[in-house]
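What follows is the content of coords32.cif, which has mmCIF, C-alpha atoms:
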```cif
data_work
loop_
_atom_site.label_atom_id
_atom_site.label_comp_id
_atom_site.auth_asym_id
_atom_site.auth_seq_id
_atom_site.Cartn_x
_atom_site.Cartn_y
_atom_site.Cartn_z
CA MET E 1 9.17 -5.09 -14.33
CA THR E 2 8.73 -4.60 -18.06
CA ASN E 3 6.09 -6.15 -20.27
CA GLU E 4 8.69 -8.13 -22.07
CA MET E 5 9.72 -9.77 -18.83
CA LEU E 6 6.17 -10.58 -17.89
CA SER E 7 5.70 -12.33 -21.19
CA ARG E 8 8.73 -14.49 -20.47
CA PRO E 9 8.16 -15.98 -17.05
CA GLU E 10 11.39 -17.98 -17.17
CA ALA E 11 13.53 -14.88 -17.45
CA HIS E 12 14.41 -13.98 -13.90
CA GLU E 13 16.62 -11.10 -14.74
CA GLY E 14 16.10 -8.05 -16.86
CA PRO E 15 18.74 -5.86 -18.40
CA ALA E 16 20.42 -6.93 -21.60
CA GLY E 17 23.69 -5.67 -20.16
CA ALA E 18 23.61 -8.62 -17.80
CA GLU E 19 24.28 -10.87 -20.80
CA LEU E 20 27.72 -9.39 -21.21
CA THR E 21 28.53 -9.92 -17.60
CA ARG E 22 27.35 -13.48 -17.97
CA ALA E 23 29.57 -14.10 -20.97
CA GLU E 24 32.49 -12.65 -19.09
CA ALA E 25 31.70 -14.83 -16.13
CA ALA E 26 31.59 -17.89 -18.37
CA ALA E 27 34.96 -16.97 -19.79
CA ALA E 28 36.26 -16.52 -16.26
CA VAL E 29 35.06 -20.01 -15.40
CA GLU E 30 36.80 -21.43 -18.46
CA ARG E 31 39.96 -19.64 -17.43
CA ALA E 32 39.56 -20.83 -13.87
CA ALA E 33 39.35 -24.41 -15.10
CA ILE E 34 42.69 -24.00 -16.82
CA VAL E 35 44.57 -21.58 -14.62
CA GLY E 36 43.02 -22.66 -11.37
CA ASP E 37 42.28 -19.19 -10.07
CA GLU E 38 39.05 -17.88 -8.64
CA ALA E 39 36.46 -16.63 -11.07
CA SER E 40 34.55 -13.52 -10.17
CA ALA E 41 31.21 -12.31 -11.43
CA GLU E 42 28.71 -9.62 -10.63
CA PRO E 43 26.52 -10.82 -7.81
CA LEU E 44 23.08 -11.80 -8.98
CA GLU E 45 19.93 -10.40 -7.54
CA VAL E 46 18.63 -13.56 -5.97
CA ARG E 47 14.89 -13.85 -6.00
CA PRO E 48 13.09 -16.40 -3.86
CA VAL E 49 12.73 -19.65 -5.74
CA THR E 50 9.72 -21.80 -4.94
CA LEU E 51 10.48 -25.29 -3.66
CA TRP E 52 8.35 -26.78 -6.42
CA ARG E 53 10.31 -24.91 -9.09
CA LEU E 54 13.56 -26.03 -7.45
CA PHE E 55 12.37 -29.62 -7.50
CA GLN E 56 11.37 -29.35 -11.16
CA VAL E 57 14.76 -28.02 -12.25
CA PHE E 58 16.71 -30.68 -10.36
CA PHE E 59 14.31 -33.40 -11.49
CA VAL E 60 14.93 -32.45 -15.12
CA LEU E 61 18.69 -32.54 -14.45
CA GLY E 62 18.31 -35.90 -12.72
CA ILE E 63 16.54 -37.42 -15.69
CA THR E 64 18.56 -35.86 -18.51
CA SER E 65 22.14 -36.10 -17.26
CA PHE E 66 23.64 -39.31 -18.61
CA GLY E 67 27.13 -40.66 -18.40
CA GLY E 68 28.52 -38.43 -15.70
CA GLY E 69 29.40 -34.81 -16.16
CA VAL E 70 26.41 -33.71 -14.10
CA VAL E 71 28.36 -30.65 -12.96
CA ALA E 72 28.35 -29.15 -16.45
CA TYR E 73 24.57 -29.64 -16.66
CA LEU E 74 24.15 -28.09 -13.20
CA ARG E 75 26.07 -24.98 -14.13
CA GLN E 76 24.21 -24.64 -17.41
CA ALA E 77 20.84 -24.90 -15.66
CA LEU E 78 21.38 -22.91 -12.46
CA VAL E 79 23.95 -20.31 -13.42
CA VAL E 80 23.32 -19.74 -17.11
CA LYS E 81 19.65 -20.55 -17.65
CA GLN E 82 17.84 -19.91 -14.37
CA ARG E 83 20.39 -17.40 -13.08
CA TRP E 84 19.78 -18.45 -9.52
CA MET E 85 23.44 -18.31 -8.68
CA ASP E 86 26.60 -16.56 -9.83
CA ASP E 87 29.69 -18.36 -10.99
CA GLU E 88 31.67 -17.48 -7.92
CA THR E 89 29.17 -19.16 -5.62
CA PHE E 90 28.95 -22.10 -8.01
CA LEU E 91 32.71 -22.59 -8.16
CA SER E 92 33.04 -22.24 -4.42
CA GLY E 93 30.47 -25.01 -4.01
CA LEU E 94 32.23 -27.15 -6.58
CA GLU E 95 35.53 -26.87 -4.74
CA LEU E 96 33.82 -27.94 -1.57
CA SER E 97 32.00 -30.82 -3.31
CA GLN E 98 35.26 -32.12 -4.67
CA THR E 99 37.03 -31.86 -1.35
CA LEU E 100 34.36 -33.51 0.80
CA PRO E 101 33.23 -37.12 0.52
CA GLY E 102 30.24 -37.83 -1.67
CA LEU E 103 29.36 -37.48 -5.32
CA ASN E 104 29.79 -34.12 -6.99
CA ALA E 105 26.25 -34.26 -8.34
CA THR E 106 24.55 -34.84 -5.00
CA ASN E 107 26.91 -32.60 -3.05
CA MET E 108 26.28 -29.76 -5.49
CA SER E 109 22.51 -30.34 -5.31
CA ILE E 110 22.63 -30.04 -1.54
CA TYR E 111 24.85 -26.98 -1.64
CA MET E 112 22.77 -25.17 -4.24
CA GLY E 113 19.46 -26.17 -2.67
CA GLU E 114 20.69 -24.90 0.68
CA ARG E 115 21.86 -21.61 -0.78
CA LEU E 116 18.53 -21.05 -2.49
CA ARG E 117 16.02 -22.28 0.08
CA GLY E 118 17.78 -23.51 3.21
CA VAL E 119 17.11 -26.97 4.65
CA PRO E 120 13.97 -27.74 2.61
CA GLY E 121 15.77 -26.51 -0.49
CA ALA E 122 18.66 -28.92 0.06
CA ILE E 123 16.27 -31.85 0.57
CA VAL E 124 14.14 -30.99 -2.45
CA ALA E 125 17.16 -30.51 -4.74
CA LEU E 126 18.70 -33.81 -3.64
CA LEU E 127 15.42 -35.67 -4.13
CA GLY E 128 14.89 -34.12 -7.55
CA MET E 129 18.39 -35.12 -8.61
CA CYS E 130 18.12 -38.71 -7.36
CA LEU E 131 14.49 -39.70 -7.83
CA PRO E 132 14.38 -40.33 -11.59
CA GLY E 133 17.64 -42.29 -11.64
CA THR E 134 16.59 -44.38 -8.64
CA VAL E 135 13.26 -45.34 -10.22
CA ILE E 136 14.91 -46.21 -13.54
CA VAL E 137 17.86 -48.12 -12.09
CA MET E 138 15.52 -50.08 -9.81
CA ALA E 139 13.30 -50.96 -12.77
CA LEU E 140 16.39 -52.11 -14.68
CA GLY E 141 17.50 -53.98 -11.56
CA MET E 142 14.26 -55.92 -11.40
CA LEU E 143 14.49 -56.71 -15.08
CA TYR E 144 18.09 -57.79 -14.46
CA ALA E 145 17.04 -60.01 -11.56
CA SER E 146 14.64 -61.89 -13.81
CA GLN E 147 16.96 -62.03 -16.85
CA ALA E 148 20.39 -62.12 -15.24
CA ARG E 149 21.39 -65.41 -16.78
CA THR E 150 20.30 -64.78 -20.33
CA PRO E 151 23.35 -64.41 -22.57
CA ALA E 152 21.92 -61.31 -24.23
CA MET E 153 21.67 -59.44 -20.92
CA VAL E 154 25.17 -60.51 -19.94
CA MET E 155 26.58 -59.38 -23.27
CA VAL E 156 24.85 -56.00 -23.28
CA LEU E 157 25.92 -55.24 -19.71
CA GLY E 158 29.44 -56.45 -20.50
CA GLY E 159 29.66 -53.97 -23.36
CA VAL E 160 28.22 -51.17 -21.20
CA GLY E 161 30.69 -51.94 -18.41
CA ALA E 162 33.62 -51.91 -20.84
CA ALA E 163 32.48 -48.56 -22.25
CA ALA E 164 32.17 -47.31 -18.66
CA VAL E 165 35.81 -48.22 -18.06
CA GLY E 166 36.71 -46.05 -21.03
CA LEU E 167 34.53 -43.24 -19.72
CA THR E 168 35.96 -43.26 -16.19
CA LEU E 169 39.51 -43.51 -17.52
CA ALA E 170 39.02 -40.59 -19.91
CA THR E 171 37.28 -38.54 -17.20
CA THR E 172 40.08 -39.24 -14.72
CA LEU E 173 42.76 -38.28 -17.23
CA GLN E 174 40.92 -35.08 -18.14
CA ILE E 175 40.29 -34.03 -14.53
CA GLY E 176 43.81 -35.03 -13.57
CA LYS E 177 45.69 -33.38 -16.41
CA LYS E 178 47.24 -30.87 -14.04
CA GLN E 179 48.15 -33.43 -11.38
CA LEU E 180 49.62 -35.88 -13.85
CA ALA E 181 51.97 -33.23 -15.20
CA LYS E 182 53.61 -32.26 -11.91
CA PRO E 183 56.22 -34.61 -10.41
CA LEU E 184 55.10 -34.14 -6.80
CA ASP E 185 51.45 -34.62 -7.63
CA LEU E 186 52.21 -37.49 -9.96
CA SER E 187 54.07 -39.35 -7.22
CA LEU E 188 51.09 -38.87 -4.88
CA VAL E 189 48.75 -40.11 -7.62
CA ALA E 190 50.97 -43.14 -8.20
CA LEU E 191 51.33 -43.83 -4.49
CA THR E 192 47.56 -43.74 -3.97
CA PHE E 193 46.93 -45.90 -7.03
CA VAL E 194 49.45 -48.55 -6.03
CA VAL E 195 48.37 -48.64 -2.39
CA ILE E 196 44.66 -49.04 -3.23
CA GLY E 197 44.63 -50.68 -6.65
CA VAL E 198 47.56 -53.07 -6.31
CA PHE E 199 48.16 -53.69 -2.61
CA ARG E 200 44.48 -53.37 -1.75
CA VAL E 201 45.08 -51.43 1.43
CA SER E 202 41.76 -50.38 2.94
CA LEU E 203 40.50 -46.98 1.93
CA VAL E 204 40.31 -45.77 5.56
CA THR E 205 44.00 -46.50 6.06
CA ALA E 206 44.97 -44.93 2.77
CA LEU E 207 42.95 -41.76 3.39
CA LEU E 208 44.26 -41.35 6.92
CA THR E 209 47.90 -41.73 5.88
CA ILE E 210 48.28 -40.32 2.37
CA GLY E 211 45.67 -37.59 3.04
CA PRO E 212 47.51 -35.83 5.87
CA LEU E 213 50.87 -36.39 4.14
CA SER E 214 49.59 -34.82 0.96
CA ILE E 215 48.01 -31.84 2.75
CA TRP E 216 51.20 -31.38 4.78
CA LEU E 217 53.24 -31.24 1.57
CA TYR E 218 50.97 -28.43 0.44
CA ARG E 219 50.83 -26.76 3.85
CA PRO E 220 50.66 -22.98 3.84
CA ARG E 221 54.07 -21.39 3.63
CA LYS E 222 54.82 -17.74 3.90
CA ARG E 223 57.08 -17.54 0.90
CA ALA E 224 55.29 -19.73 -1.61
CA ALA E 225 51.72 -19.45 -0.40
CA VAL E 226 50.42 -18.77 -3.91
CA ASP E 227 52.26 -21.45 -5.76
CA GLY E 228 52.38 -24.34 -3.33
CA PRO E 229 55.66 -26.12 -2.64
CA ALA E 230 57.47 -24.52 -5.52
CA GLY E 231 60.77 -26.09 -4.60
CA ALA E 232 59.38 -29.59 -4.50
CA ALA E 233 57.44 -29.19 -7.74
CA LYS E 234 60.51 -28.37 -9.77
CA MET K 1 20.11 -58.00 10.06
CA ASN K 2 21.17 -57.63 6.45
CA VAL K 3 19.45 -54.27 6.36
CA LEU K 4 21.64 -53.08 9.21
CA SER K 5 24.74 -54.44 7.50
CA LEU K 6 23.77 -52.58 4.33
CA LEU K 7 23.31 -49.36 6.29
CA TRP K 8 26.72 -49.82 7.90
CA VAL K 9 28.59 -50.79 4.73
CA PHE K 10 27.15 -48.05 2.55
CA GLY K 11 27.32 -45.51 5.37
CA LEU K 12 31.02 -46.26 5.70
CA LEU K 13 31.52 -46.00 1.94
CA SER K 14 29.65 -42.70 1.99
CA VAL K 15 32.05 -40.95 4.35
CA LEU K 16 35.03 -42.50 2.57
CA ALA K 17 33.92 -41.37 -0.88
CA VAL K 18 36.47 -38.60 -1.23
CA GLY K 19 36.71 -38.13 -4.97
CA GLY K 20 33.22 -39.44 -5.65
CA GLY K 21 31.78 -42.72 -6.86
CA THR K 22 34.65 -44.06 -8.95
CA ALA K 23 37.11 -43.44 -6.14
CA VAL K 24 35.18 -45.64 -3.73
CA LEU K 25 34.63 -48.55 -6.15
CA PRO K 26 37.59 -50.70 -4.99
CA GLU K 27 36.44 -50.51 -1.37
CA MET K 28 32.83 -51.12 -2.38
CA LYS K 29 33.77 -54.22 -4.33
CA ALA K 30 35.99 -55.48 -1.52
CA LEU K 31 33.14 -55.15 0.98
CA VAL K 32 30.20 -56.24 -1.16
CA VAL K 33 31.90 -59.11 -3.03
CA ASN K 34 34.81 -60.36 -0.92
CA GLN K 35 33.76 -59.62 2.62
CA TYR K 36 29.97 -59.88 2.74
CA HIS K 37 29.56 -62.16 -0.32
CA TRP K 38 26.40 -60.36 -1.33
CA LEU K 39 27.33 -60.50 -5.01
CA THR K 40 29.80 -62.22 -7.30
CA SER K 41 32.36 -60.12 -9.13
CA ASP K 42 30.36 -60.53 -12.37
CA GLN K 43 27.15 -59.40 -10.72
CA PHE K 44 28.92 -56.39 -9.25
CA GLY K 45 30.14 -55.37 -12.69
CA GLN K 46 26.73 -55.92 -14.22
CA ILE K 47 24.93 -53.87 -11.59
CA TYR K 48 27.49 -51.11 -12.05
CA SER K 49 26.59 -51.19 -15.75
CA LEU K 50 22.91 -50.80 -14.87
CA GLY K 51 23.87 -47.57 -13.12
CA GLN K 52 25.60 -46.39 -16.26
CA LEU K 53 22.42 -47.00 -18.25
CA SER K 54 20.35 -44.86 -15.88
CA PRO K 55 20.23 -41.08 -15.78
CA GLY K 56 21.53 -39.07 -12.85
CA PRO K 57 24.39 -40.14 -10.59
CA ASN K 58 25.40 -43.67 -11.63
CA MET K 59 26.04 -44.58 -8.00
CA LEU K 60 22.27 -44.78 -7.55
CA MET K 61 22.95 -48.40 -8.52
CA VAL K 62 23.64 -49.08 -4.83
CA SER K 63 19.85 -49.37 -4.57
CA VAL K 64 19.97 -52.45 -6.80
CA ILE K 65 22.67 -54.02 -4.63
CA GLY K 66 20.53 -53.34 -1.56
CA TYR K 67 17.47 -54.73 -3.31
CA ARG K 68 19.21 -57.98 -4.11
CA VAL K 69 20.37 -58.37 -0.54
CA ALA K 70 17.19 -57.48 1.33
CA GLY K 71 14.41 -56.41 -1.01
CA CYS K 72 12.90 -52.94 -0.89
CA ALA K 73 14.08 -52.31 2.67
CA GLY K 74 17.57 -53.21 1.49
CA ALA K 75 17.35 -50.78 -1.41
CA ALA K 76 16.26 -48.02 0.95
CA ALA K 77 19.03 -48.88 3.41
CA ALA K 78 21.71 -48.81 0.72
CA LEU K 79 20.49 -45.47 -0.62
CA LEU K 80 20.15 -43.91 2.80
CA GLY K 81 23.52 -45.25 3.88
CA PHE K 82 25.31 -44.07 0.77
CA PHE K 83 23.75 -40.63 0.39
CA LEU K 84 22.81 -39.42 3.87
CA PRO K 85 26.16 -39.24 5.74
CA ALA K 86 28.04 -37.50 2.92
CA GLY K 87 24.98 -35.33 2.34
CA LEU K 88 24.93 -34.17 5.95
CA ILE K 89 28.64 -33.44 5.89
CA MET K 90 28.19 -31.41 2.72
CA PHE K 91 25.23 -29.57 4.17
CA PHE K 92 26.95 -28.45 7.34
CA CYS K 93 30.27 -27.68 5.69
CA GLY K 94 28.46 -25.74 2.95
CA ARG K 95 27.06 -23.43 5.60
CA ILE K 96 30.45 -22.58 7.08
CA TRP K 97 32.55 -22.88 3.92
CA ASP K 98 32.60 -19.15 3.15
CA ARG K 99 34.30 -18.46 6.46
CA PHE K 100 37.30 -20.42 5.27
CA ALA K 101 37.46 -18.68 1.92
CA ASP K 102 40.63 -16.82 2.89
CA SER K 103 42.23 -19.49 5.03
CA PRO K 104 45.57 -20.66 3.62
CA TRP K 105 44.69 -24.16 4.81
CA LYS K 106 41.73 -24.28 2.44
CA GLU K 107 44.15 -24.13 -0.44
CA ALA K 108 46.39 -26.72 1.21
CA VAL K 109 43.52 -29.15 1.67
CA GLN K 110 42.27 -28.70 -1.88
CA ARG K 111 45.70 -29.02 -3.45
CA GLY K 112 46.67 -31.90 -1.22
CA LEU K 113 43.52 -33.89 -1.86
CA ALA K 114 43.53 -33.36 -5.62
CA PRO K 115 46.29 -35.90 -6.43
CA LEU K 116 44.81 -38.30 -3.89
CA THR K 117 41.48 -38.07 -5.66
CA ILE K 118 43.03 -38.76 -9.06
CA GLY K 119 44.92 -41.75 -7.65
CA LEU K 120 41.70 -43.11 -6.15
CA MET K 121 39.83 -42.63 -9.41
CA LEU K 122 42.56 -44.45 -11.32
CA ALA K 123 42.43 -47.29 -8.81
CA GLY K 124 38.64 -47.36 -9.20
CA THR K 125 38.99 -47.54 -12.96
CA TRP K 126 41.55 -50.31 -12.60
CA VAL K 127 39.34 -52.41 -10.33
CA LEU K 128 36.37 -51.80 -12.61
CA ALA K 129 38.45 -52.83 -15.62
CA LYS K 130 39.49 -56.08 -13.94
CA THR K 131 35.84 -56.73 -13.12
CA VAL K 132 34.24 -56.11 -16.50
CA ILE K 133 36.99 -56.67 -19.07
CA LEU K 134 36.80 -60.40 -19.55
CA GLY K 135 38.02 -60.83 -23.07
CA PRO K 136 39.44 -59.15 -26.16
CA SER K 137 36.24 -57.49 -27.36
CA THR K 138 35.48 -55.79 -24.02
CA ALA K 139 39.11 -54.61 -23.93
CA VAL K 140 38.73 -53.14 -27.40
CA ILE K 141 35.49 -51.36 -26.43
CA ALA K 142 37.17 -49.80 -23.38
CA VAL K 143 40.20 -48.61 -25.34
CA VAL K 144 38.13 -47.24 -28.22
CA VAL K 145 35.82 -45.32 -25.85
CA THR K 146 38.79 -43.85 -23.96
CA VAL K 147 40.45 -42.67 -27.14
CA ILE K 148 37.24 -41.20 -28.61
CA LEU K 149 36.53 -39.26 -25.42
CA LEU K 150 40.08 -37.92 -25.17
CA VAL K 151 40.15 -36.84 -28.79
CA LYS K 152 36.62 -35.70 -29.53
CA HIS K 153 33.85 -34.01 -27.64
CA VAL K 154 31.17 -36.69 -27.74
CA ASN K 155 28.17 -37.21 -25.46
CA PRO K 156 29.37 -40.07 -23.21
CA ALA K 157 25.84 -41.50 -23.09
CA LEU K 158 26.09 -42.37 -26.80
CA LEU K 159 29.29 -44.32 -26.17
CA ILE K 160 27.77 -46.13 -23.18
CA PHE K 161 24.77 -47.24 -25.22
CA GLY K 162 27.03 -47.96 -28.17
CA GLY K 163 29.16 -50.17 -25.92
CA GLY K 164 26.03 -52.10 -24.97
CA ILE K 165 25.06 -52.62 -28.58
CA VAL K 166 28.56 -53.67 -29.62
CA GLY K 167 28.73 -55.98 -26.60
CA TYR K 168 25.46 -57.57 -27.64
CA LEU K 169 26.68 -58.07 -31.20
CA ILE K 170 30.12 -59.50 -30.54
CA GLY K 171 30.06 -60.82 -26.95
CA ARG K 172 33.02 -60.88 -24.62
#
```

As structure tokens, what does this structure read like?
Amino acid sequence: MTNEMLSRPEAHEGPAGAELTRAEAAAAVERAAIVGDEASAEPLEVRPVTLWRLFQVFFVLGITSFGGGVVAYLRQALVVKQRWMDDETFLSGLELSQTLPGLNATNMSIYMGERLRGVPGAIVALLGMCLPGTVIVMALGMLYASQARTPAMVMVLGGVGAAAVGLTLATTLQIGKKQLAKPLDLSLVALTFVVIGVFRVSLVTALLTIGPLSIWLYRPRKRAAVDGPAGAAK
Amino acid sequence: MNVLSLLWVFGLLSVLAVGGGTAVLPEMKALVVNQYHWLTSDQFGQIYSLGQLSPGPNMLMVSVIGYRVAGCAGAAAALLGFFLPAGLIMFFCGRIWDRFADSPWKEAVQRGLAPLTIGLMLAGTWVLAKTVILGPSTAVIAVVVTVILLVKHVNPALLIFGGGIVGYLIGR
């Protein structure tokens, strides 16, 4: 360990050459977001992270990430800044988080905490992520309970809710760019939307019918394994 | 009794939350407002807004729903119900996930669930819109925020707070 590193306790990794690899990895992630392929990066030398440090990092994320998009903050903090994890591991966890039930933010906290420190790590990361928001939203909730009928409160929350509609719509359109452009995917999107949003079919029913159908349409095939149901998509 | 109902309702929502918080909003509203009558539609929208004003995952607002139903025990039940089941699933799947890295079915599941997720999120946005857009000015706020976010790279938090301020100034 060099003197320079000792003077910078936050820097967990030494050689300047690693920066290049990091930049390449970042570019790979950007590409992966567009192309949809797997990003690869040099494996990091993972040093043991203390539970307290883990808690601190997730606590800071939990208190500074506003308005969704927690995943971007997570990557910035754990992959770029702390270098606790490489992009490949991060992306693999993100895929899993998006596939399984639960919020991306909490699923990723659990996944990353587990990777870094096992069971206690997962618990500590989840708590760090959720604690600040819980305290603040509960404080707002109590304020709301006492002021719920004042016109000012109703008007502020009405404006916030309307802005939130804009935010979720924009987020959905951005995440779904790829799906909305392909006829097969678009019909599945529309089917799900109509079934849940218009006909108000219960979510259990919808998931258990459209889910298997959708996976079956994308079932592994020998010929078009890489590109999904190429015939249907055209 | 209510505490147990909260645990059940939010536990169910937890395992159904494929696609995250927005995706499960229609079901949450159906259960919390229409079936259990814990909140009115307006209250549901307002509590959702509280979640938007707080840092971290905005679905932490389930604690406020729980609190209104059964006090602090209710808040704990809602949180536990909503975050524990999905958390456990994630934890155990995370441990075995790498083994499926090369399975062709992994790709099938991911690709198949992606459009489903988008459809659920759109339905969530739709239900949210019907809940909180109650007049021309809220409609304008929603449209303006959507357009800004699609065109420019802005911190969403600014638009959320901005929406609150505009809402305060011009009402519904």

(request) Find the residues in chain E near chain K: any atom within 6 Å counts, using all atoms listed in the file. Write them as a PyMOL selection string. (result) chain E and resi 62-63+65-67+100-103+111+133-134+137-138+141+155-157+159-163+165-166+170+176+179+185+188-189+192-193+197+214-215+218-220

(message) I'd like to know which of K:Ile96, K:Ala78, K:Val69, K:Val32 is closest to Leu7 (chain K), using only C-alpha atoms.
(response)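 For Leu7 (chain K), the nearest of the given residues is K:Ala78.
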
(message) Rounded to one decimal, what separation in Å do you get between CA of Met112 (chain E) and CA of Val60 (chain E)?
(response)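 Taking CA of Met112 (chain E) and CA of Val60 (chain E), their separation equals 15.3 Å.
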
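If you look at CA of Thr89 (chain E) and CA of Met108 (chain E), they are 11.0 Å away from each other.
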
(request) Have a look at E:Asn107, E:Ser202, E:Gln76, E:Thr64 and name the one nearest to Pro132 (chain E); count all atoms listed in the file. (result)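 Comparing E:Asn107, E:Ser202, E:Gln76, E:Thr64 against Pro132 (chain E), the winner is E:Thr64.
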
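A straight line drawn from CA of Lys177 (chain E) to CA of Leu74 (chain E) is 22.4 Å long.
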
For the structure shown, which residues end up in the PyMOL selection byres ((chain K and resi 2) around 9)? Put them as a CSV table (one decimal) with C-alpha atoms, in the frame of the given file, please?
```csv
chain,number,residue,atom,x,y,z
K,1,MET,CA,20.1,-58.0,10.1
K,3,VAL,CA,19.4,-54.3,6.4
K,4,LEU,CA,21.6,-53.1,9.2
K,5,SER,CA,24.7,-54.4,7.5
K,6,LEU,CA,23.8,-52.6,4.3
K,7,LEU,CA,23.3,-49.4,6.3
K,69,VAL,CA,20.4,-58.4,-0.5
K,70,ALA,CA,17.2,-57.5,1.3
K,74,GLY,CA,17.6,-53.2,1.5
```

(message) Please enumerate the residues selected by the PyMOL selection byres ((chain E and resi 109) around 12) when evaluated against the supplied file, formatted as a VMD selection string.
(response) (chain E and resid 54 to 55 57 to 59 61 to 62 70 to 71 73 to 75 77 to 78 90 93 to 94 97 102 to 108 110 to 130) or (chain K and resid 56 to 57 83 87 90 to 91 94)

Limited to C-alpha atoms, could you put the picked residues into a file as a PDB file, keeping the file's coordinate frame?
```
ATOM      1  CA  LEU E  54      13.560 -26.030  -7.450  1.00  0.00           C
ATOM      2  CA  PHE E  55      12.370 -29.620  -7.500  1.00  0.00           C
ATOM      3  CA  VAL E  57      14.760 -28.020 -12.250  1.00  0.00           C
ATOM      4  CA  PHE E  58      16.710 -30.680 -10.360  1.00  0.00           C
ATOM      5  CA  PHE E  59      14.310 -33.400 -11.490  1.00  0.00           C
ATOM      6  CA  LEU E  61      18.690 -32.540 -14.450  1.00  0.00           C
ATOM      7  CA  GLY E  62      18.310 -35.900 -12.720  1.00  0.00           C
ATOM      8  CA  VAL E  70      26.410 -33.710 -14.100  1.00  0.00           C
ATOM      9  CA  VAL E  71      28.360 -30.650 -12.960  1.00  0.00           C
ATOM     10  CA  TYR E  73      24.570 -29.640 -16.660  1.00  0.00           C
ATOM     11  CA  LEU E  74      24.150 -28.090 -13.200  1.00  0.00           C
ATOM     12  CA  ARG E  75      26.070 -24.980 -14.130  1.00  0.00           C
ATOM     13  CA  ALA E  77      20.840 -24.900 -15.660  1.00  0.00           C
ATOM     14  CA  LEU E  78      21.380 -22.910 -12.460  1.00  0.00           C
ATOM     15  CA  PHE E  90      28.950 -22.100  -8.010  1.00  0.00           C
ATOM     16  CA  GLY E  93      30.470 -25.010  -4.010  1.00  0.00           C
ATOM     17  CA  LEU E  94      32.230 -27.150  -6.580  1.00  0.00           C
ATOM     18  CA  SER E  97      32.000 -30.820  -3.310  1.00  0.00           C
ATOM     19  CA  GLY E 102      30.240 -37.830  -1.670  1.00  0.00           C
ATOM     20  CA  LEU E 103      29.360 -37.480  -5.320  1.00  0.00           C
ATOM     21  CA  ASN E 104      29.790 -34.120  -6.990  1.00  0.00           C
ATOM     22  CA  ALA E 105      26.250 -34.260  -8.340  1.00  0.00           C
ATOM     23  CA  THR E 106      24.550 -34.840  -5.000  1.00  0.00           C
ATOM     24  CA  ASN E 107      26.910 -32.600  -3.050  1.00  0.00           C
ATOM     25  CA  MET E 108      26.280 -29.760  -5.490  1.00  0.00           C
ATOM     26  CA  ILE E 110      22.630 -30.040  -1.540  1.00  0.00           C
ATOM     27  CA  TYR E 111      24.850 -26.980  -1.640  1.00  0.00           C
ATOM     28  CA  MET E 112      22.770 -25.170  -4.240  1.00  0.00           C
ATOM     29  CA  GLY E 113      19.460 -26.170  -2.670  1.00  0.00           C
ATOM     30  CA  GLU E 114      20.690 -24.900   0.680  1.00  0.00           C
ATOM     31  CA  ARG E 115      21.860 -21.610  -0.780  1.00  0.00           C
ATOM     32  CA  LEU E 116      18.530 -21.050  -2.490  1.00  0.00           C
ATOM     33  CA  ARG E 117      16.020 -22.280   0.080  1.00  0.00           C
ATOM     34  CA  GLY E 118      17.780 -23.510   3.210  1.00  0.00           C
ATOM     35  CA  VAL E 119      17.110 -26.970   4.650  1.00  0.00           C
ATOM     36  CA  PRO E 120      13.970 -27.740   2.610  1.00  0.00           C
ATOM     37  CA  GLY E 121      15.770 -26.510  -0.490  1.00  0.00           C
ATOM     38  CA  ALA E 122      18.660 -28.920   0.060  1.00  0.00           C
ATOM     39  CA  ILE E 123      16.270 -31.850   0.570  1.00  0.00           C
ATOM     40  CA  VAL E 124      14.140 -30.990  -2.450  1.00  0.00           C
ATOM     41  CA  ALA E 125      17.160 -30.510  -4.740  1.00  0.00           C
ATOM     42  CA  LEU E 126      18.700 -33.810  -3.640  1.00  0.00           C
ATOM     43  CA  LEU E 127      15.420 -35.670  -4.130  1.00  0.00           C
ATOM     44  CA  GLY E 128      14.890 -34.120  -7.550  1.00  0.00           C
ATOM     45  CA  MET E 129      18.390 -35.120  -8.610  1.00  0.00           C
ATOM     46  CA  CYS E 130      18.120 -38.710  -7.360  1.00  0.00           C
TER      47      CYS E 130
ATOM     48  CA  GLY K  56      21.530 -39.070 -12.850  1.00  0.00           C
ATOM     49  CA  PRO K  57      24.390 -40.140 -10.590  1.00  0.00           C
ATOM     50  CA  PHE K  83      23.750 -40.630   0.390  1.00  0.00           C
ATOM     51  CA  GLY K  87      24.980 -35.330   2.340  1.00  0.00           C
ATOM     52  CA  MET K  90      28.190 -31.410   2.720  1.00  0.00           C
ATOM     53  CA  PHE K  91      25.230 -29.570   4.170  1.00  0.00           C
ATOM     54  CA  GLY K  94      28.460 -25.740   2.950  1.00  0.00           C
TER      55      GLY K  94
END
```

(request) Just the residues within 9 Å of Ala206 (chain E), please, counting only C-alpha atoms, with nothing from its chain fewer than 5 positions along; format it as a ChimeraX atom specification. (result) /E:192,195-196,201,211

Kindly export the residues of the current selection with C-alpha atoms, as a JSON list (two decimals), in the coordinates of the input.
```json
[["chain", "number", "residue", "atom", "x", "y", "z"],
["E", 192, "THR", "CA", 47.56, -43.74, -3.97],
["E", 195, "VAL", "CA", 48.37, -48.64, -2.39],
["E", 196, "ILE", "CA", 44.66, -49.04, -3.23],
["E", 201, "VAL", "CA", 45.08, -51.43, 1.43],
["E", 211, "GLY", "CA", 45.67, -37.59, 3.04]]
```

(request) Can you work out which one of E:Thr171, E:Arg200, E:Lys182, E:Thr209 has the shortest atom-to-atom distance to His153 (chain K), counting only C-alpha atoms? (result)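 Result for the nearest residue to His153 (chain K): E:Thr171.
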